[in-house]
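Student: So that you have it, the file is input_30.txt, and it contains compact mmCIF, C-alpha atoms:
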```txt
# COMPACT_ATOMS: atom_id res chain seq x y z
CA MET A 1 -17.63 -20.94 -3.70
CA PRO A 2 -15.07 -19.07 -5.85
CA GLU A 3 -11.76 -20.66 -6.69
CA ALA A 4 -9.16 -20.18 -3.96
CA VAL A 5 -6.20 -17.96 -4.86
CA TRP A 6 -2.67 -18.64 -3.68
CA VAL A 7 0.48 -16.51 -3.91
CA LEU A 8 3.41 -18.51 -5.27
CA GLY A 9 6.07 -15.85 -4.74
CA GLY A 10 7.02 -12.25 -5.34
CA HIS A 11 9.67 -9.57 -5.49
CA GLN A 12 10.23 -5.98 -4.43
CA THR A 13 12.92 -3.75 -5.92
CA ASP A 14 15.14 -1.66 -3.67
CA PHE A 15 13.00 1.41 -3.01
CA ALA A 16 16.09 3.50 -2.24
CA ARG A 17 17.17 3.40 -5.89
CA ASN A 18 16.81 6.40 -8.18
CA TRP A 19 16.31 4.74 -11.54
CA SER A 20 16.45 7.94 -13.58
CA ARG A 21 19.75 8.89 -12.00
CA GLU A 22 21.03 5.48 -13.08
CA GLY A 23 19.90 6.23 -16.65
CA LEU A 24 17.13 3.62 -16.46
CA ASP A 25 13.43 3.75 -17.29
CA PHE A 26 10.18 1.75 -17.12
CA ALA A 27 11.61 -0.95 -19.34
CA ASP A 28 14.43 -1.62 -16.90
CA LEU A 29 12.16 -1.47 -13.85
CA THR A 30 9.66 -3.83 -15.46
CA ALA A 31 12.29 -6.31 -16.60
CA GLU A 32 13.84 -6.63 -13.15
CA THR A 33 10.48 -6.89 -11.40
CA VAL A 34 9.09 -9.50 -13.80
CA ARG A 35 12.12 -11.75 -13.89
CA ALA A 36 12.79 -11.65 -10.14
CA THR A 37 9.09 -12.24 -9.36
CA LEU A 38 8.91 -15.28 -11.63
CA ASP A 39 12.17 -16.62 -10.22
CA ASP A 40 10.97 -16.30 -6.62
CA ALA A 41 7.69 -18.02 -7.51
CA GLY A 42 9.49 -20.86 -9.27
CA VAL A 43 7.54 -20.44 -12.50
CA SER A 44 8.49 -19.50 -16.05
CA ALA A 45 6.99 -16.80 -18.24
CA ALA A 46 5.37 -19.61 -20.24
CA ASP A 47 3.31 -20.51 -17.15
CA VAL A 48 1.70 -17.03 -17.00
CA ASP A 49 -1.80 -16.84 -18.49
CA VAL A 50 -2.48 -13.15 -17.84
CA VAL A 51 -0.68 -10.03 -16.58
CA HIS A 52 -2.15 -7.18 -14.54
CA VAL A 53 -0.10 -3.97 -14.06
CA GLY A 54 -0.85 -1.37 -11.40
CA ASN A 55 0.42 2.09 -12.32
CA ALA A 56 -1.02 5.48 -11.44
CA PHE A 57 1.03 8.26 -13.00
CA GLY A 58 3.23 6.84 -15.76
CA GLN A 59 2.40 9.50 -18.33
CA LEU A 60 2.81 12.40 -15.92
CA PHE A 61 6.23 11.41 -14.59
CA THR A 62 7.74 9.86 -17.73
CA GLY A 63 5.39 10.40 -20.66
CA GLN A 64 5.01 6.64 -20.93
CA GLY A 65 1.54 5.14 -21.14
CA GLN A 66 0.27 1.73 -22.33
CA LEU A 67 2.20 0.03 -19.56
CA GLY A 68 0.18 -3.15 -20.01
CA GLY A 69 2.39 -3.73 -23.01
CA MET A 70 5.69 -3.21 -21.20
CA PRO A 71 6.09 -6.75 -19.73
CA ALA A 72 5.99 -8.32 -23.22
CA THR A 73 8.30 -5.59 -24.51
CA VAL A 74 11.08 -6.52 -22.11
CA VAL A 75 10.37 -10.23 -21.55
CA PRO A 76 9.70 -11.70 -25.00
CA GLU A 77 8.29 -14.91 -23.51
CA LEU A 78 5.25 -12.84 -22.44
CA TRP A 79 4.47 -11.89 -26.04
CA ASP A 80 0.80 -12.76 -26.79
CA VAL A 81 -0.14 -12.99 -23.08
CA PRO A 82 -3.18 -10.79 -22.23
CA ALA A 83 -2.15 -7.79 -20.12
CA THR A 84 -3.90 -4.73 -18.70
CA ARG A 85 -2.85 -1.60 -16.83
CA HIS A 86 -4.99 -0.52 -13.84
CA GLU A 87 -5.18 3.00 -12.37
CA ALA A 88 -6.74 3.84 -9.02
CA ALA A 89 -4.24 6.38 -7.68
CA CYS A 90 -2.37 4.92 -4.70
CA ALA A 91 -4.68 1.86 -4.77
CA SER A 92 -3.63 0.92 -8.33
CA GLY A 93 -1.70 -2.11 -7.12
CA GLY A 94 -4.61 -3.28 -5.00
CA VAL A 95 -7.07 -3.18 -7.89
CA ALA A 96 -4.57 -4.93 -10.18
CA LEU A 97 -4.46 -7.81 -7.71
CA LEU A 98 -8.27 -7.87 -7.45
CA ALA A 99 -8.49 -8.17 -11.24
CA ALA A 100 -6.02 -11.05 -11.25
CA MET A 101 -7.99 -12.80 -8.50
CA ALA A 102 -11.21 -12.43 -10.49
CA ASP A 103 -9.55 -14.05 -13.50
CA ILE A 104 -8.50 -17.03 -11.42
CA GLU A 105 -11.73 -17.32 -9.41
CA SER A 106 -13.79 -17.36 -12.61
CA GLY A 107 -11.69 -20.18 -14.07
CA ARG A 108 -10.72 -18.03 -17.06
CA TYR A 109 -7.01 -18.33 -16.23
CA ASP A 110 -4.96 -20.45 -13.83
CA CYS A 111 -1.87 -18.30 -13.23
CA ALA A 112 -1.49 -14.52 -13.17
CA LEU A 113 1.43 -12.14 -12.86
CA VAL A 114 0.61 -8.98 -10.90
CA LEU A 115 2.95 -6.00 -11.11
CA GLY A 116 3.00 -2.60 -9.41
CA LEU A 117 5.31 -0.13 -11.12
CA GLU A 118 6.02 3.56 -10.58
CA LEU A 119 8.82 6.02 -11.38
CA GLU A 120 8.49 9.33 -9.51
CA ARG A 121 12.02 10.65 -9.11
CA THR A 122 12.13 11.92 -12.68
CA VAL A 123 11.19 15.49 -11.73
CA PRO A 124 11.88 17.91 -8.83
CA GLY A 125 9.91 17.31 -5.65
CA ASP A 126 7.49 20.22 -6.11
CA ASP A 127 6.64 19.00 -9.61
CA ALA A 128 6.14 15.48 -8.27
CA ALA A 129 3.69 16.79 -5.69
CA ARG A 130 1.71 18.54 -8.43
CA HIS A 131 1.55 15.36 -10.51
CA LEU A 132 0.29 13.39 -7.51
CA GLY A 133 -2.47 15.97 -7.03
CA ALA A 134 -4.21 14.53 -10.09
CA ALA A 135 -5.78 11.93 -7.77
CA ALA A 136 -7.89 14.63 -6.10
CA TRP A 137 -10.85 16.40 -7.78
CA VAL A 138 -8.80 18.71 -9.94
CA GLY A 139 -10.03 22.29 -10.00
CA HIS A 140 -12.36 21.72 -7.06
CA GLU A 141 -10.15 20.66 -4.14
CA GLY A 142 -7.08 22.22 -2.59
CA ARG A 143 -7.12 25.29 -4.83
CA GLY A 144 -5.39 27.40 -2.19
CA ALA A 145 -2.88 24.70 -1.20
CA THR A 146 0.72 24.49 -2.30
CA PHE A 147 0.84 20.70 -1.74
CA MET A 148 -2.43 18.88 -2.37
CA TRP A 149 -2.06 15.73 -0.29
CA PRO A 150 -0.48 17.22 2.85
CA HIS A 151 -3.35 19.74 2.67
CA MET A 152 -5.96 16.97 2.41
CA PHE A 153 -4.61 14.87 5.26
CA SER A 154 -4.20 17.98 7.38
CA ALA A 155 -7.94 18.44 6.83
CA LEU A 156 -8.54 14.87 7.98
CA THR A 157 -6.51 15.68 11.11
CA ASP A 158 -8.73 18.68 11.69
CA GLU A 159 -11.82 16.49 11.40
CA TYR A 160 -10.50 13.98 13.94
CA ASP A 161 -9.62 16.87 16.22
CA ARG A 162 -13.12 18.31 15.89
CA ARG A 163 -14.82 14.97 16.61
CA TYR A 164 -12.52 13.37 19.15
CA GLY A 165 -9.57 15.61 19.91
CA ILE A 166 -6.08 14.74 18.72
CA ASP A 167 -2.59 15.19 20.10
CA GLU A 168 -0.13 15.64 17.24
CA ALA A 169 2.55 13.99 19.39
CA HIS A 170 0.82 10.70 18.61
CA LEU A 171 1.22 11.35 14.89
CA ARG A 172 4.92 12.03 15.42
CA ALA A 173 5.19 8.75 17.35
CA ILE A 174 3.76 6.85 14.36
CA ALA A 175 6.42 8.41 12.15
CA ARG A 176 9.18 7.49 14.59
CA LEU A 177 8.01 3.86 14.74
CA ASN A 178 7.78 3.46 10.96
CA PHE A 179 11.20 4.97 10.32
CA SER A 180 12.60 2.73 13.06
CA ASN A 181 11.03 -0.39 11.53
CA ALA A 182 12.45 0.54 8.13
CA THR A 183 16.02 0.23 9.42
CA ALA A 184 15.55 -3.57 9.48
CA ASN A 185 14.14 -3.76 5.93
CA PRO A 186 16.83 -4.21 3.25
CA ASN A 187 14.52 -2.74 0.57
CA ALA A 188 13.30 0.29 2.54
CA GLN A 189 14.00 3.70 1.05
CA THR A 190 14.94 5.29 4.38
CA ARG A 191 16.82 2.38 5.98
CA LYS A 192 20.06 4.38 6.17
CA TRP A 193 18.55 7.75 7.06
CA THR A 194 19.36 9.28 10.43
CA PHE A 195 17.09 11.19 12.75
CA THR A 196 17.16 13.02 16.06
CA ASP A 197 14.41 13.61 18.60
CA ALA A 198 13.80 16.96 16.91
CA SER A 199 12.90 15.08 13.72
CA PHE A 200 9.71 13.96 15.45
CA ALA A 201 8.83 17.20 17.20
CA ALA A 202 7.16 20.48 16.30
CA ASP A 203 10.59 21.85 15.39
CA ASP A 204 10.30 24.27 12.49
CA ALA A 205 13.98 24.01 11.65
CA VAL A 206 14.44 20.23 11.68
CA ASN A 207 10.86 19.09 11.02
CA PRO A 208 9.23 21.98 9.17
CA VAL A 209 5.57 22.34 8.32
CA VAL A 210 4.74 21.16 4.80
CA GLU A 211 1.08 22.17 4.77
CA GLY A 212 -1.38 22.87 7.55
CA ARG A 213 -0.69 20.44 10.42
CA VAL A 214 1.52 18.12 8.37
CA ARG A 215 5.26 18.22 8.98
CA ARG A 216 8.12 16.68 7.02
CA THR A 217 8.31 13.35 8.86
CA ASP A 218 4.53 12.95 8.71
CA CYS A 219 4.89 12.35 4.96
CA SER A 220 5.62 9.26 2.90
CA GLN A 221 8.35 9.44 0.30
CA ILE A 222 8.64 10.23 -3.40
CA THR A 223 9.87 6.85 -4.59
CA ASP A 224 10.84 4.76 -7.59
CA GLY A 225 10.10 1.07 -7.43
CA GLY A 226 8.31 -2.07 -8.45
CA ALA A 227 6.71 -5.05 -6.74
CA GLY A 228 5.36 -8.26 -8.19
CA LEU A 229 3.35 -11.35 -7.25
CA VAL A 230 2.49 -14.59 -9.00
CA VAL A 231 -0.99 -15.79 -8.04
CA ALA A 232 -2.60 -19.06 -9.06
CA GLY A 233 -5.58 -21.33 -8.54
CA ARG A 234 -5.88 -24.93 -7.47
CA ARG A 235 -5.66 -26.37 -10.98
CA PHE A 236 -2.26 -24.77 -11.48
CA LEU A 237 -1.02 -26.03 -8.11
CA GLU A 238 -2.18 -29.58 -8.83
CA ARG A 239 -0.75 -29.56 -12.35
CA THR A 240 2.66 -28.17 -11.41
CA ARG A 241 2.87 -29.34 -7.78
CA SER A 242 3.89 -25.80 -6.84
CA ARG A 243 4.23 -25.01 -3.15
CA PRO A 244 2.49 -21.70 -2.42
CA MET A 245 3.98 -18.98 -0.27
CA ALA A 246 0.62 -17.80 1.07
CA ARG A 247 -3.09 -17.75 0.37
CA ILE A 248 -5.42 -14.78 -0.12
CA LEU A 249 -8.15 -15.48 2.43
CA GLY A 250 -10.38 -12.45 1.92
CA TRP A 251 -10.72 -9.09 0.22
CA GLY A 252 -12.70 -5.86 0.43
CA HIS A 253 -13.08 -3.11 -2.17
CA ARG A 254 -15.10 0.10 -1.86
CA THR A 255 -15.14 3.24 -4.01
CA VAL A 256 -16.73 6.59 -3.18
CA GLY A 257 -16.64 10.06 -4.72
CA LEU A 258 -13.48 12.11 -5.10
CA PRO A 259 -14.05 15.07 -2.72
CA LEU A 260 -12.85 14.69 0.86
CA ASP A 261 -15.36 17.24 2.16
CA ARG A 262 -18.25 15.13 0.87
CA LYS A 263 -16.81 12.04 2.55
CA LEU A 264 -16.62 13.87 5.86
CA ALA A 265 -20.08 15.39 5.50
CA ARG A 266 -21.67 12.02 4.76
CA SER A 267 -20.10 10.48 7.86
CA ALA A 268 -20.95 13.35 10.21
CA ALA A 269 -23.46 11.33 12.22
CA GLU A 270 -21.50 8.06 12.15
CA PRO A 271 -18.88 6.82 14.62
CA TYR A 272 -16.26 6.21 11.93
CA VAL A 273 -14.89 9.21 10.09
CA LEU A 274 -14.51 7.10 6.92
CA PRO A 275 -17.19 4.39 7.15
CA HIS A 276 -16.54 3.08 3.63
CA VAL A 277 -12.96 2.29 4.71
CA ARG A 278 -14.33 0.42 7.72
CA ARG A 279 -16.66 -1.53 5.42
CA ALA A 280 -13.83 -2.50 3.05
CA ILE A 281 -11.87 -3.89 6.00
CA THR A 282 -14.83 -5.75 7.52
CA ASP A 283 -15.69 -7.13 4.05
CA ALA A 284 -12.19 -8.63 3.88
CA PHE A 285 -12.49 -10.07 7.39
CA THR A 286 -15.93 -11.53 6.65
CA ARG A 287 -14.80 -13.16 3.42
CA ALA A 288 -11.78 -14.57 5.23
CA GLY A 289 -13.92 -15.80 8.11
CA VAL A 290 -11.69 -14.16 10.72
CA SER A 291 -11.91 -11.52 13.40
CA LEU A 292 -9.35 -8.90 14.31
CA ALA A 293 -8.27 -11.11 17.22
CA GLU A 294 -7.06 -13.66 14.64
CA ILE A 295 -4.90 -11.14 12.75
CA ASP A 296 -1.21 -11.18 13.70
CA GLY A 297 -0.21 -7.91 12.06
CA ILE A 298 -1.11 -5.29 9.48
CA GLU A 299 0.54 -3.54 6.55
CA THR A 300 -1.42 -0.32 6.07
CA HIS A 301 -1.37 2.74 3.86
CA ASP A 302 0.52 5.42 5.79
CA CYS A 303 0.83 7.97 3.01
CA PHE A 304 0.76 10.34 6.00
CA THR A 305 0.85 9.62 9.71
CA MET A 306 -2.80 10.69 9.82
CA SER A 307 -3.81 7.95 7.38
CA GLU A 308 -2.25 5.34 9.69
CA TYR A 309 -3.86 6.96 12.73
CA ALA A 310 -7.22 6.61 10.96
CA ALA A 311 -6.49 3.05 9.86
CA ILE A 312 -5.90 1.99 13.47
CA ASP A 313 -9.43 2.67 14.62
CA HIS A 314 -11.00 1.65 11.28
CA PHE A 315 -9.39 -1.79 11.65
CA GLY A 316 -11.08 -1.94 15.06
CA ILE A 317 -7.81 -2.05 17.01
CA THR A 318 -9.34 0.71 19.14
CA GLY A 319 -12.72 2.39 19.28
CA PRO A 320 -13.34 5.33 16.94
CA GLY A 321 -11.10 8.27 17.79
CA GLU A 322 -9.03 6.26 20.30
CA SER A 323 -6.05 5.30 18.12
CA TRP A 324 -3.76 7.19 20.49
CA LYS A 325 -4.16 4.46 23.11
CA VAL A 326 -2.23 1.83 21.12
CA VAL A 327 0.28 4.39 19.88
CA GLU A 328 1.13 5.00 23.54
CA ASN A 329 1.08 1.43 24.90
CA GLY A 330 3.35 -0.30 22.35
CA ASP A 331 0.70 -2.58 20.82
CA LEU A 332 1.73 -1.53 17.30
CA GLU A 333 5.40 -2.41 17.67
CA ILE A 334 6.99 -5.66 16.51
CA GLY A 335 6.43 -7.90 19.51
CA GLY A 336 3.31 -5.94 20.48
CA ARG A 337 -0.30 -7.11 20.37
CA ILE A 338 -0.81 -6.26 16.69
CA PRO A 339 2.25 -4.90 14.86
CA VAL A 340 1.44 -2.31 12.21
CA ASN A 341 3.83 -1.67 9.31
CA PRO A 342 6.72 -3.83 10.50
CA SER A 343 8.23 -3.20 7.04
CA GLY A 344 8.37 0.54 7.69
CA GLY A 345 5.24 1.16 5.64
CA LEU A 346 5.12 3.94 3.08
CA ILE A 347 6.73 6.50 5.39
CA GLY A 348 9.78 4.41 6.15
CA GLY A 349 9.73 1.91 3.30
CA GLY A 350 8.86 4.21 0.42
CA HIS A 351 5.79 4.87 -1.72
CA PRO A 352 6.08 4.21 -5.45
CA VAL A 353 2.37 4.83 -5.88
CA GLY A 354 1.34 2.06 -8.28
CA ALA A 355 3.48 -0.49 -6.46
CA SER A 356 2.42 0.12 -2.86
CA GLY A 357 -0.67 -2.11 -2.85
CA VAL A 358 1.29 -5.01 -4.32
CA ARG A 359 4.20 -4.42 -1.95
CA MET A 360 1.92 -4.52 1.10
CA VAL A 361 0.51 -7.90 0.07
CA LEU A 362 4.01 -9.19 -0.66
CA ASP A 363 5.15 -8.16 2.81
CA ALA A 364 2.07 -9.79 4.34
CA CYS A 365 2.93 -12.98 2.43
CA LYS A 366 6.52 -12.83 3.67
CA GLN A 367 5.27 -12.54 7.23
CA VAL A 368 2.97 -15.58 7.12
CA ALA A 369 5.64 -17.57 5.25
CA GLY A 370 8.27 -16.69 7.86
CA ARG A 371 10.37 -14.92 5.22
CA ALA A 372 10.39 -11.34 6.54
CA GLY A 373 13.89 -11.56 7.98
CA ALA A 374 14.86 -8.92 10.52
CA TYR A 375 11.33 -7.48 10.63
CA GLN A 376 9.55 -10.82 11.04
CA VAL A 377 6.55 -10.95 13.36
CA GLU A 378 7.09 -14.15 15.28
CA GLY A 379 4.48 -16.83 14.66
CA ALA A 380 2.50 -14.79 12.13
CA ARG A 381 -0.20 -16.81 10.36
CA ARG A 382 -2.61 -14.09 9.18
CA PHE A 383 -1.91 -10.53 8.10
CA GLY A 384 -4.23 -7.73 7.02
CA THR A 385 -3.56 -4.99 4.49
CA LEU A 386 -5.18 -1.65 3.66
CA ASN A 387 -4.45 0.18 0.41
CA ILE A 388 -6.14 3.54 -0.28
CA GLY A 389 -6.23 5.78 -3.34
CA GLY A 390 -6.72 9.54 -3.07
CA SER A 391 -8.52 10.72 0.05
CA THR A 392 -9.73 7.11 0.50
CA THR A 393 -11.72 7.36 -2.74
CA THR A 394 -10.66 3.79 -3.58
CA THR A 395 -10.09 1.40 -0.70
CA VAL A 396 -8.78 -2.16 -1.04
CA SER A 397 -8.16 -4.52 1.87
CA PHE A 398 -6.85 -8.09 1.96
CA VAL A 399 -6.41 -10.82 4.54
CA ILE A 400 -3.43 -13.04 3.84
CA GLY A 401 -2.90 -16.46 5.42
CA THR A 402 -0.39 -19.28 5.29
CA GLY A 403 -0.14 -21.33 2.12
CA GLU A 404 -1.31 -24.51 3.84
```
Mind converting the file's structure to structure tokens?
Tutor:
Amino acid sequence: MPEAVWVLGGHQTDFARNWSREGLDFADLTAETVRATLDDAGVSAADVDVVHVGNAFGQLFTGQGQLGGMPATVVPELWDVPATRHEAACASGGVALLAAMADIESGRYDCALVLGLELERTVPGDDAARHLGAAAWVGHEGRGATFMWPHMFSALTDEYDRRYGIDEAHLRAIARLNFSNATANPNAQTRKWTFTDASFAADDAVNPVVEGRVRRTDCSQITDGGAGLVVAGRRFLERTRSRPMARILGWGHRTVGLPLDRKLARSAAEPYVLPHVRRAITDAFTRAGVSLAEIDGIETHDCFTMSEYAAIDHFGITGPGESWKVVENGDLEIGGRIPVNPSGGLIGGGHPVGASGVRMVLDACKQVAGRAGAYQVEGARRFGTLNIGGSTTTTVSFVIGTGE
């Protein structure tokens, strides 16, 4: 059996901040994230054996690459510690954590620092959207679209509509719930935003179309932010007598080709629209030795309302194409049968791309540790996560349990 991996602590920056407007850069973001993460975990930089950094678009938004070297640049105590940057689009944070787990499970290292870092508010919104389009198959997909990712997830909506039928009111309801949940999260980007009923309607003035069937409040945010975790194995816990925050019970990781149309064509005869996503989730459940009935909540990748709608049935909360049932009956709300995105998710909480996978796991850890504050799911002991990159090209799922 591989070495068990525990989470000792973590930190999320305030996703409402605009670091460029404050005259700050990756060095400042990294320094805050590293120091606050180590402090929360109760470890020093000298305890860290290896660093893994998730970042997707550093060069495009800031010109800065080689971000594996940034932690040692701003925290001199990390000088000489092995460090690597990982890129998998919006799943960059998820794969950074997988790499850290592999280091610990193999016995190579005992304690790892995992960071997710992204600065996106350095350019106007239209330019940001073009940069993010690099995660599609450039030159082959979305050539007639103004905004690549709204276009792609509008196409996924079309596919669900073709196979099962879809009422866009259910997508608007997902947006409303995630923005509502975000009001209780002190680090959520939109926690102070205000909305009206028209914000979640087919109202071209208040909630205009962005691309295809995707409207403004269907979209996650352009965000600056960082998130960090300290993960460790049993030897470190026994040597230091650290008390873990949570334990990583299981994981799943699947990668397929870039084009969305090929994904949809390959699944045409299958019940799940994205069967590789379903397999990543069931891999995590199998490794954790749990069923959906034993999961108390989920933090999932709602880059658009459609991606959450798809996640609902791929987690098995409903049958394929039936996600609307739990959107209507309240099962997804805090206090419901299986709360989804109690933090506000990416739509309400914010989506600094390289940080999102780390942030989801951190929120899952907070939930099972009873540290989620005003958005705590009462009695939570196990939480699932789903982190996707591109049009689900890279999919990473975790099951998080208590630190006992």
Student: Which polymer residues have any atom within 9 Å of an atom of A:Thr33, counting all atoms listed in the file, with same-chain residues fewer than 4 positions away left out, as a PyMOL selection string?
Tutor: chain A and resi 10-13+28-29+37-38+115-117+225-228
Student: Show me, as AutoDock Vina command-line options, the centre and edge lengths in Å to one decimal of the axis-aligned box that covers every listed atom of stretch 327-334 of chain A with 8 Å on each side.
Tutor:
```
--center_x 3.6 --center_y -0.3 --center_z 20.7 --size_x 22.7 --size_y 26.7 --size_z 24.4
```
Student: Rounded to one decimal in Å, what is the spacing between atom CA of A:Glu322 and atom CA of A:Ala173?
Tutor: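 Answer for the atom CA of A:Glu322 to atom CA of A:Ala173 separation: 14.7 Å.
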Student: How many Å lie between atom CA of A:Trp79 and atom CA of A:Thr122, rounded to one decimal?
Tutor: 28.4 Å
Student: Could you list, as number ranges by chain, every residue within 6 Å of stretch 267-281 of chain A, counting only C-alpha atoms and ignoring same-chain residues fewer than 3 positions away?
Tutor: A: 252-254, 264, 284, 314, 320, 397
Student: Report the distance between atom CA of A:Asp80 and atom CA of A:Met245 in Å, rounded to one decimal place.
Tutor: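 Interatomic distance, atom CA of A:Asp80 to atom CA of A:Met245: 27.4 Å.
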Student: So, with all atoms listed in the file as the atoms that count, which of A:Ile388, A:Ala372, A:Ala265, A:Ile174 lies closest to A:Leu332?
Tutor: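 Of the candidates, the smallest distance to A:Leu332 is held by A:Ile174.
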Student: Measuring between all atoms listed in the file, which one of A:Phe26, A:Ser92, A:Gly297, A:Asn329 shows the shortest distance to A:Ala364?
Tutor: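 Going through A:Phe26, A:Ser92, A:Gly297, A:Asn329 one by one, the smallest distance to A:Ala364 is for A:Gly297.
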Student: Please provide the set of residues having any atom within 12 Å of A:Arg191, restricted to only C-alpha atoms, with same-chain residues fewer than 3 positions apart removed, written as a PyMOL selection string.
Tutor: chain A and resi 14-17+178-188+194-195+343-345+347-350
Student: So which one's closest to A:Thr402, A:Leu249, A:Met360, A:Val138, A:Leu132? Using only C-alpha atoms, please.
Tutor: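 Using only C-alpha atoms, A:Thr402 sits closest to A:Leu249.
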Student: Given all atoms listed in the file as the basis, pick out the residue of A:Tyr375, A:Asp203, A:Val290, A:Ala175 nearest to A:Gly335.
Tutor: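 Of A:Tyr375, A:Asp203, A:Val290, A:Ala175, the one nearest A:Gly335, counting all atoms listed in the file, is A:Tyr375.
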Student: I'd like the contact shell of A:Asp103 - 12 Å cut-off, all atoms listed in the file, skipping same-chain residues fewer than 2 positions apart - returned as a PyMOL selection string.
Tutor: chain A and resi 2-5+49-52+82-83+96-101+105-114+231-233
Student: Could you give me, as JSON lines, every stretch 48-118 of chain A residue with an atom at most 9 Å from stretch 389-392 of chain A, plus its closest atom pair and distance in Å to one decimal, counting all atoms listed in the file, rows ordered by chain then number?
Tutor:
```
{"residue": "A:Ala88", "atom": "CA", "partner": "A:Gly389", "partner_atom": "CA", "distance": 6.0}
{"residue": "A:Ala89", "atom": "CA", "partner": "A:Gly389", "partner_atom": "CA", "distance": 4.8}
{"residue": "A:Cys90", "atom": "CA", "partner": "A:Gly389", "partner_atom": "CA", "distance": 4.2}
{"residue": "A:Ala91", "atom": "CA", "partner": "A:Gly389", "partner_atom": "CA", "distance": 4.5}
{"residue": "A:Ser92", "atom": "CA", "partner": "A:Gly389", "partner_atom": "CA", "distance": 7.4}
```
Student: With all atoms listed in the file as the counted atoms, please give the residues lying no more than 12 Å from A:Arg213, apart from itself and same-chain residues fewer than 3 positions off, as a ChimeraX atom specification.
Tutor: /A:149-159,161,166-169,171-172,202,204,207-210,216-219,304-306
